[in-house]
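Chemist: protein.pdb is reproduced in full below (PDB, C-alpha atoms and all ligand atoms).
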```pdb
ATOM      1  CA  PRO A   1     -19.220  -0.676   3.172
ATOM      2  CA  GLU A   2     -15.497  -0.752   3.480
ATOM      3  CA  VAL A   3     -13.475  -3.105   1.348
ATOM      4  CA  THR A   4      -9.989  -4.501   1.802
ATOM      5  CA  THR A   5      -7.506  -4.529  -1.057
ATOM      6  CA  THR A   6      -4.140  -6.239  -1.078
ATOM      7  CA  VAL A   7      -1.327  -5.254  -3.395
ATOM      8  CA  GLY A   8       2.121  -6.796  -3.760
ATOM      9  CA  VAL A   9       5.066  -4.517  -3.095
ATOM     10  CA  ASP A  10       8.539  -5.364  -4.311
ATOM     11  CA  GLY A  11      11.657  -3.663  -2.994
ATOM     12  CA  MET A  12      11.017  -3.448   0.746
ATOM     13  CA  THR A  13      13.936  -4.668   2.802
ATOM     14  CA  CYS A  14      13.652  -3.192   6.281
ATOM     15  CA  ALA A  15      11.227  -1.954   8.899
ATOM     16  CA  SER A  16      11.735   1.636   7.842
ATOM     17  CA  CYS A  17      10.541   0.716   4.368
ATOM     18  CA  VAL A  18       7.365  -0.618   5.952
ATOM     19  CA  ALA A  19       6.814   2.515   8.014
ATOM     20  CA  ARG A  20       7.409   4.803   5.049
ATOM     21  CA  LEU A  21       4.978   2.943   2.846
ATOM     22  CA  GLU A  22       2.294   2.787   5.534
ATOM     23  CA  ARG A  23       2.546   6.544   5.987
ATOM     24  CA  ALA A  24       2.247   7.065   2.231
ATOM     25  CA  LEU A  25      -0.756   4.769   1.897
ATOM     26  CA  VAL A  26      -2.811   6.264   4.727
ATOM     27  CA  ARG A  27      -2.343   9.660   3.098
ATOM     28  CA  ILE A  28      -4.281   8.568   0.011
ATOM     29  CA  PRO A  29      -7.660  10.295   0.239
ATOM     30  CA  GLY A  30     -10.296   7.785   1.312
ATOM     31  CA  VAL A  31      -7.941   5.225   2.810
ATOM     32  CA  THR A  32      -8.922   4.464   6.402
ATOM     33  CA  ALA A  33      -6.224   1.929   7.274
ATOM     34  CA  ALA A  34      -3.051   0.529   5.775
ATOM     35  CA  SER A  35      -0.958  -2.388   6.930
ATOM     36  CA  VAL A  36       2.287  -3.405   5.253
ATOM     37  CA  ASN A  37       3.839  -6.831   5.734
ATOM     38  CA  LEU A  38       7.550  -7.109   5.037
ATOM     39  CA  ALA A  39       7.622 -10.905   5.202
ATOM     40  CA  THR A  40       4.927 -11.355   2.574
ATOM     41  CA  SER A  41       5.788  -8.221   0.543
ATOM     42  CA  ARG A  42       2.184  -7.115   0.635
ATOM     43  CA  ALA A  43       0.225  -4.032   1.574
ATOM     44  CA  GLU A  44      -3.361  -4.232   2.771
ATOM     45  CA  LEU A  45      -5.621  -1.184   2.599
ATOM     46  CA  ARG A  46      -9.147  -0.432   3.726
ATOM     47  CA  TYR A  47     -11.454   2.176   2.235
ATOM     48  CA  PRO A  48     -15.111   2.670   1.389
ATOM     49  CA  ASP A  49     -16.088   0.653  -1.665
ATOM     50  CA  GLY A  50     -15.349   2.536  -4.893
ATOM     51  CA  ILE A  51     -13.586   5.472  -3.249
ATOM     52  CA  VAL A  52      -9.979   4.644  -4.124
ATOM     53  CA  ALA A  53      -8.612   3.805  -7.571
ATOM     54  CA  LEU A  54      -5.997   1.072  -7.781
ATOM     55  CA  ALA A  55      -3.918   3.373  -9.983
ATOM     56  CA  ASP A  56      -3.653   5.821  -7.086
ATOM     57  CA  VAL A  57      -2.459   3.060  -4.778
ATOM     58  CA  GLU A  58       0.147   1.997  -7.313
ATOM     59  CA  ALA A  59       1.297   5.592  -7.749
ATOM     60  CA  ALA A  60       1.733   5.985  -3.986
ATOM     61  CA  VAL A  61       3.750   2.777  -3.811
ATOM     62  CA  ARG A  62       6.036   3.992  -6.596
ATOM     63  CA  GLN A  63       6.388   7.432  -5.070
ATOM     64  CA  ALA A  64       7.512   5.794  -1.820
ATOM     65  CA  GLY A  65      10.259   4.080  -3.787
ATOM     66  CA  PHE A  66       8.828   0.608  -4.288
ATOM     67  CA  ALA A  67       7.342  -1.440  -7.113
ATOM     68  CA  PRO A  68       3.657  -2.406  -6.976
ATOM     69  CA  ARG A  69       2.827  -5.893  -8.138
ATOM     70  CA  ASN A  70      -0.647  -6.971  -9.121
ATOM     71  CA  LEU A  71      -1.589 -10.098  -7.218
ATOM     72  CA  GLY A  72      -4.133 -11.106  -9.851
TER      73      GLY A  72
HETATM   74 MO1  LIG A 101      15.718   0.481   5.173
HETATM   75 MO2  LIG A 101      13.985   0.698   2.968
HETATM   76  O1  LIG A 101      17.543   0.894   5.750
HETATM   77  O2  LIG A 101      13.691   1.805   1.423
HETATM   78  S1  LIG A 101      14.292   2.174   4.578
HETATM   79  S2  LIG A 101      16.006  -0.364   3.119
END
```
Here is a file; write its structure as C-alpha cells.

Modeler:
Amino acid sequence: PEVTTTVGVDGMTCASCVARLERALVRIPGVTAASVNLATSRAELRYPDGIVALADVEAAVRQAGFAPRNLG
C-alpha cells in the first residue's frame, strides 16, 4: 500500500519555492504525489511502502535549496 510521509521544510518564502520543491520531490523515483504547504512549512509525499528512503527525500529538499526538518 501507499504511505504518506510529511517532512518539515525550512527556507521557503514564496509560491515559486513551493513549485520548485514539488517538482523536485515528484522526480524522486517511487514518489507518486507531492504536496508542499508554504503556510505550514511542510511537504507531504506519497509512495509505496518501503520504496523511498527518507535520506533521499532530505537530499532532494537540500538540492532544491531548502533545509529539511525532521518532524519527529
Ligand atoms: Mo521566491 Mo523561493 O522569489 O527559493 S523562489 S523566494

Chemist: Would you mind listing what lies within 8 Å of Gly8 (chain A) as a PyMOL selection string, with only C-alpha atoms counted and same-chain residues fewer than 2 positions away left out?

Modeler: chain A and resi 6+10+41-43+68-71

Chemist: The residues within 10 Å of (6.6, -5.8, 2.3), using all atoms listed in the file and the coordinates of the file, should be reported as a list of chain:residue names; which are they?

Modeler: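 Output: A:Val7, A:Gly8, A:Val9, A:Asp10, A:Gly11, A:Met12, A:Thr13, A:Cys14, A:Ala15, A:Cys17, A:Val18, A:Leu21, A:Ser35, A:Val36, A:Asn37, A:Leu38, A:Ala39, A:Thr40, A:Ser41, A:Arg42, A:Ala43, A:Phe66.
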
Chemist: Set the distance at 12 Å and use only C-alpha atoms: which residues neighbour Gln63 (chain A) once local chain neighbours fewer than 6 positions away are removed? I'd like the list as a VMD selection string.

Modeler: chain A and resid 20 to 21 23 to 25 28 56 to 57

Chemist: Under the rule that all atoms listed in the file are counted, which of A:Ser16, A:Thr4, A:Ala33, A:Glu22 is the nearest residue to Leu54 (chain A)?

Modeler: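 Result for the nearest residue to Leu54 (chain A): A:Thr4.
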
Chemist: Of the residues A:Glu58, A:Val26, A:Glu44, A:Ala64, which is the one nearest to ligand LIG 101 (chain A), using only C-alpha atoms and all ligand atoms?

Modeler: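 Closest residue, counting only C-alpha atoms and all ligand atoms: A:Ala64.
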
Chemist: For Thr32 (chain A), list every protein, DNA or RNA residue within 8 Å, evaluated using only C-alpha atoms, and leave out those in the same chain fewer than 3 positions away; present the list as a PDB file with C-alpha atoms, keeping the file's coordinate frame.

Modeler:
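Below is the file that was written, result-v8.pdb:
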```
ATOM      1  CA  VAL A  26      -2.811   6.264   4.727  1.00  0.00           C
ATOM      2  CA  LEU A  45      -5.621  -1.184   2.599  1.00  0.00           C
ATOM      3  CA  ARG A  46      -9.147  -0.432   3.726  1.00  0.00           C
ATOM      4  CA  TYR A  47     -11.454   2.176   2.235  1.00  0.00           C
TER       5      TYR A  47
END
```

Chemist: What is the distance, in Å and to one decimal place, between CA of Pro1 (chain A) and CA of Ile51 (chain A)?

Modeler: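 These atoms are spaced 10.5 Å apart.
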
Chemist: Rounded to one decimal, what separation in Å do you get between CA of Gly30 (chain A) and CA of Pro48 (chain A)?

Modeler: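 Distance reported for this atom pair: 7.0 Å.
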
Chemist: If you measure from CA of Arg62 (chain A) to CA of Asp49 (chain A), what distance in Å do you get, rounded to one decimal?

Modeler: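 These two atoms are separated by 22.9 Å.
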
Chemist: Taking all atoms of region 43-49 of chain A that the file lists and extending 8 Å past them on each side, where is the centre of the axis-aligned box and how long are its edges? Answer in Å to one decimal, as AutoDock Vina command-line options.

Modeler:
```
--center_x -7.9 --center_y -0.8 --center_z 1.0 --size_x 32.3 --size_y 22.9 --size_z 21.4
```

Chemist: A:Ala19, A:Ala34, A:Val61, A:Ala53: which is nearest ligand LIG 101 (chain A), counting all atoms listed in the file?

Modeler: A:Ala19
